[in-house]
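Accompanying notes for the structure given below.
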Amino acid sequence: MALLEVRDLSVRFVRKSEPTVSAVDGVSFDVHPGSTVGLVGESGCGKSVTSLAIMGLLPGRGTEVTGSVNLEGSELLRLSRREFDRRRGKDLGMVFQDPLTSLNPVVPIGLQISEVIERHRGLSRRDASREAAKLLERVGIPDPDRRLKEYSHQLSGGMRQRALIAMALACEPRLLIADEPTTALDVTIQAQILTLLKELVAETGTALIMITHDLGVVAGMCDEVNVLYAGRIVERAQRHELFSQPRHPYTAGLMASVPRLDSPRGQRLAPIEGSVADNIPWEGGCAFSPRCGNALAVCRERAPELETVEQGRLLRCHNPIGAAEMERAHD
Amino acid sequence: MLGTQRKERIDGLAESGGDTTAGVSLAASAWRRLRRSPTFLVGAGIICAFVLLALVSPLLAQHDPALRLLEEQVSRADNEIPAPQPGFPLGGDQYGRPLLSRVLLGSQQTLLVALLATVIGLGGGLTLGILAGAFGGWVDTLVMRVVDVMLSVPSLLLAVSIGALFQQQSQFTVIIAVATVQIPIFGRLLRGTMLAQRASDHVLAARALGVRQRSIVFRHMLPNALGPVIVQATLMLAVAIIDAAALSFLGLGAADTSTPEWGQMLGSAQNFFDTHPHLAFWPAGCIIVVALGFTLVGESMRDALDPKKRR
């Protein structure tokens, strides 16, 4: 059985004066214990909203969350606020994008870590503080006893993110959500943080949802990848299959727009024209069709369904890449 | 109209103070700039001088301020008031009480009234601001409508009305009246900075860790939201001194005038403005200078804490 089952999750922002915005639209996926699942897409595709919905951190007013989020057999969307507060940080944790603004500037980081341990593991302040020092050491912060008393501005960017990871993992949650954990960091630090996450996940058996726009991160971390576009999953595949043969034109476009070491000198990058902001909603056609090189007439009339096209791969496209070759192979 | 302007000013302050991302380093750099700011040094100098004066005034004052030592020199009919003379450098007031001793000891009452009024106003404002900023929703709406109503009444009018509610006038009524005027100002300001904190990344991160609501409000939101409120409190000390003086001047202060207080001295001197202006000059001058001191410190703190002015 899966650790986390997300079924038909939809998030809509309802405003009185403005039309309702559908940020996430019928997203379903499973996360198995110890595995890493990626949610990939550009800004505005709904990946962060998905993670906030799973964490129950969306604002109550003006937000409609429907569907089901089931963690180890308990339905998270039906929890009361108080019950959810008790699960957060204990059963599921989250690491955010910007480590500088995600730490409280006026509270020493040691207290911020031990607070979580006190809360969920019921330890005394002194024991919690000792645990916090162990955690800092484990996430690779040297001289943890001194660092515990320091404030966030006294730490480097990489150390801040390590401290945040320590907080999220303080109570050994079964599920960790990392929302763009390396975006605000230097490239060298990015690699260190990713390596750390990989090690910790492997050590503790924590399942990880990796939210990123960076395909390099996906290639290095994820077992299974979900590509999101305009609030819907457009392609799902195992990492290796996805990178060796992207089927959805959007996935292929994302890959073509990333510089590679092994591409010929002087070759230009191929960006995807347009942006998510000027797309059309999924009613009356595929949301990606205005930007799609493979679009057919049917793409502008009828939205495609998410279908299983082969073992372990789901696809939402009328005219996927390689469809012609496949048919020829069948004949 | 007046109410709207004040609301906008308070909200503007809340906005500029919402950015506390740099945290402790912000406070440290603010202090570095304060130490070199002539405005701050002059203001702090004035405040220190007056606080010191209030502390040592019982030693400096050579006479009991309640005793009518020069009563035989007072003549109502001839409008005569004791002139400066040996032992009485400023002469006496209209009852023949020693003016210098009264001015010196008046510093105690004036500073105490201003301090207590601001502390009470701050306490009330913090309570309202925390309630509104932490809970949001209908609590916020209710609290803020009450605050809006209070802000829509001109502050002095509100203070006079509250002072008039009490049967017996005393320093205590002045304190309560001045404090009540300050409550909505602090409340609105803190509510604004609390809301900015509620939307901040570190509060979201704390919530993602399941931190208790109480700790989120008092450990993660409030300390980060206090900066502009502290600045405002310094400025409000000056306003409180002037408001308290105005209330005493209008006759809403202590009925018993044996304990000297500058505002009330100024009020009782108003019949002698044309013949004996020095009776008004000393208490009025002290009020202006000490209020200026608090304003200078408040303004320089605001500048120092303003992230937009950081270099």
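We name chains A, B, ... following the order of the structure tokens; residues begin at 1 in each chain, and ligands are numbered from 1 as shown.
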
Would you kindly report the residues of chain A within 7 Å of chain B, using only C-alpha atoms, as a short mmCIF file (atom, residue, chain, number, x, y, z; two decimals) with C-alpha atoms, in the first residue's frame?
data_model
loop_
_atom_site.label_atom_id
_atom_site.label_comp_id
_atom_site.auth_asym_id
_atom_site.auth_seq_id
_atom_site.Cartn_x
_atom_site.Cartn_y
_atom_site.Cartn_z
CA MET A 55 0.19 20.11 4.13
CA ASP A 85 -1.36 20.92 13.76
CA ARG A 86 -0.49 17.76 15.68
CA ARG A 87 0.36 15.80 12.50
CA ARG A 88 2.38 18.53 10.79
CA GLY A 89 6.05 18.34 11.64
CA GLY A 93 7.32 17.86 7.09
CA MET A 94 8.17 20.48 4.55
CA THR A 101 12.97 34.18 4.98
CA SER A 102 11.81 30.78 6.24
CA LEU A 103 13.68 31.17 9.53
CA ASN A 104 12.48 33.45 12.29
CA PRO A 105 15.04 36.29 12.44
CA VAL A 106 14.63 37.00 16.16
CA VAL A 116 9.41 21.27 17.27
CA HIS A 153 21.50 36.05 9.75
CA ALA A 168 11.63 19.27 9.04
#

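Within segment 38-283 of chain B, DSSP run on the backbone puts these residues in strand (DSSP E or B): Ser75, Glu80, Gln85, Phe88, Gly92 and Pro98 of chain B.
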
Of the candidates B:Phe249, B:Phe294, B:Glu299, B:Met236, which shows the shortest atom-to-atom distance to Cys48 of chain B, using only C-alpha atoms?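 Checking each of B:Phe249, B:Phe294, B:Glu299, B:Met236 against Cys48 of chain B, counting only C-alpha atoms, the winner is B:Phe294.
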
Residue neighbourhood Leu176 of chain A, 10 Å, only C-alpha atoms, exclusion window fewer than 3 positions, as a ChimeraX atom specification: /A:36,89,91-95,165,168-169,172-173,179,197,201,206-210

Record the distance separating atom CA of Gly133 of chain B and atom CA of Met194 of chain B, expressed in Å with one decimal.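 Distance reported for this atom pair: 5.0 Å.
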
Restricting the calculation to only C-alpha atoms: of A:Ala191, A:Cys45, A:Met1, A:Ala170, which residue gets closest to Pro281 of chain A?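 Of all the options, A:Cys45 lies closest to Pro281 of chain A.
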
From B:Gly123, B:Gly267, B:Gly43, B:Pro38, residue lying nearest Gly187 of chain B [only C-alpha atoms]: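 Answer, going by the shortest atom-to-atom distance: B:Gly123.
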
Selection: 9 Å around Gln97 of chain A, only C-alpha atoms, excl. self and same-chain fewer than 3 positions, as a PDB file with C-alpha atoms, in the first residue's frame:
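See out.pdb below for the written result:
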ATOM      1  CA  SER A 102      11.812  30.781   6.240  1.00  0.00           C
ATOM      2  CA  GLN A 161      18.799  25.354   4.462  1.00  0.00           C
ATOM      3  CA  ALA A 178      10.695  19.766  -0.505  1.00  0.00           C
ATOM      4  CA  ASP A 179       9.403  22.791  -2.401  1.00  0.00           C
ATOM      5  CA  GLU A 180      12.220  24.108  -4.628  1.00  0.00           C
ATOM      6  CA  PRO A 181      14.730  23.469  -1.821  1.00  0.00           C
ATOM      7  CA  THR A 182      17.752  24.557  -3.853  1.00  0.00           C
ATOM      8  CA  THR A 183      16.405  27.416  -5.979  1.00  0.00           C
ATOM      9  CA  ALA A 184      17.693  30.192  -3.697  1.00  0.00           C
TER      10      ALA A 184
END

Could you pull out the residues in segment 227-294 of chain B that DSSP calls alpha helix (DSSP H) from the backbone, as a ChimeraX atom specification? /B:227-249,262-268,278-294

The selected residues should be written to file as a tab-separated table (two decimals), in the first residue's frame (atoms: C-alpha atoms).
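Everything below was put into part28.tsv:
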chain	number	residue	atom	x	y	z
B	227	GLY	CA	9.62	47.39	15.86
B	228	PRO	CA	7.30	50.12	14.52
B	229	VAL	CA	5.26	49.95	17.73
B	230	ILE	CA	8.31	50.75	19.85
B	231	VAL	CA	9.08	53.74	17.64
B	232	GLN	CA	5.49	54.88	17.88
B	233	ALA	CA	5.55	54.52	21.68
B	234	THR	CA	8.48	56.95	21.88
B	235	LEU	CA	6.60	59.45	19.73
B	236	MET	CA	3.46	58.90	21.78
B	237	LEU	CA	5.29	59.87	24.98
B	238	ALA	CA	5.60	63.38	23.51
B	239	VAL	CA	1.94	63.37	22.51
B	240	ALA	CA	0.95	62.14	25.97
B	241	ILE	CA	2.84	64.99	27.67
B	242	ILE	CA	1.08	67.53	25.48
B	243	ASP	CA	-2.34	65.86	25.81
B	244	ALA	CA	-2.00	65.60	29.58
B	245	ALA	CA	-0.97	69.25	29.73
B	246	ALA	CA	-3.92	70.19	27.54
B	247	LEU	CA	-6.35	68.32	29.78
B	248	SER	CA	-4.92	69.97	32.90
B	249	PHE	CA	-5.04	73.32	31.11
B	262	TRP	CA	3.18	71.73	34.33
B	263	GLY	CA	-0.04	71.58	32.37
B	264	GLN	CA	-2.07	72.62	35.35
B	265	MET	CA	0.42	75.42	36.22
B	266	LEU	CA	0.04	76.64	32.66
B	267	GLY	CA	-3.74	76.50	32.96
B	268	SER	CA	-3.84	78.51	36.16
B	278	HIS	CA	6.80	84.31	33.21
B	279	LEU	CA	4.18	82.29	35.11
B	280	ALA	CA	3.29	80.56	31.84
B	281	PHE	CA	6.75	80.68	30.32
B	282	TRP	CA	8.47	78.17	32.61
B	283	PRO	CA	5.94	75.31	32.58
B	284	ALA	CA	5.17	75.83	28.88
B	285	GLY	CA	8.87	75.94	28.00
B	286	CYS	CA	9.50	72.72	29.90
B	287	ILE	CA	6.57	70.97	28.19
B	288	ILE	CA	7.78	72.04	24.74
B	289	VAL	CA	11.39	71.02	25.33
B	290	VAL	CA	10.66	67.60	26.85
B	291	ALA	CA	8.05	66.84	24.16
B	292	LEU	CA	10.61	67.87	21.56
B	293	GLY	CA	13.12	65.50	23.13
B	294	PHE	CA	10.79	62.48	22.78

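The shell of residues at most 6 Å from Arg7 of chain A, with only C-alpha atoms counted and near chain neighbours (fewer than 4 positions) removed, consists of Ser28, Gly67 and Ser68 of chain A.
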
Output N, CA and C atoms of each residue in that selection to a file, as a compact mmCIF listing (two decimals), in the first residue's frame.
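Output saved as result33.txt:
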# COMPACT_ATOMS: atom_id res chain seq x y z
N SER A 28 -3.85 13.26 -9.23
CA SER A 28 -3.78 12.02 -8.46
C SER A 28 -2.37 11.45 -8.58
N GLY A 67 -11.33 16.49 -3.26
CA GLY A 67 -10.56 15.28 -3.53
C GLY A 67 -10.15 14.63 -2.24
N SER A 68 -9.08 13.85 -2.30
CA SER A 68 -8.69 13.09 -1.13
C SER A 68 -7.17 13.04 -1.01
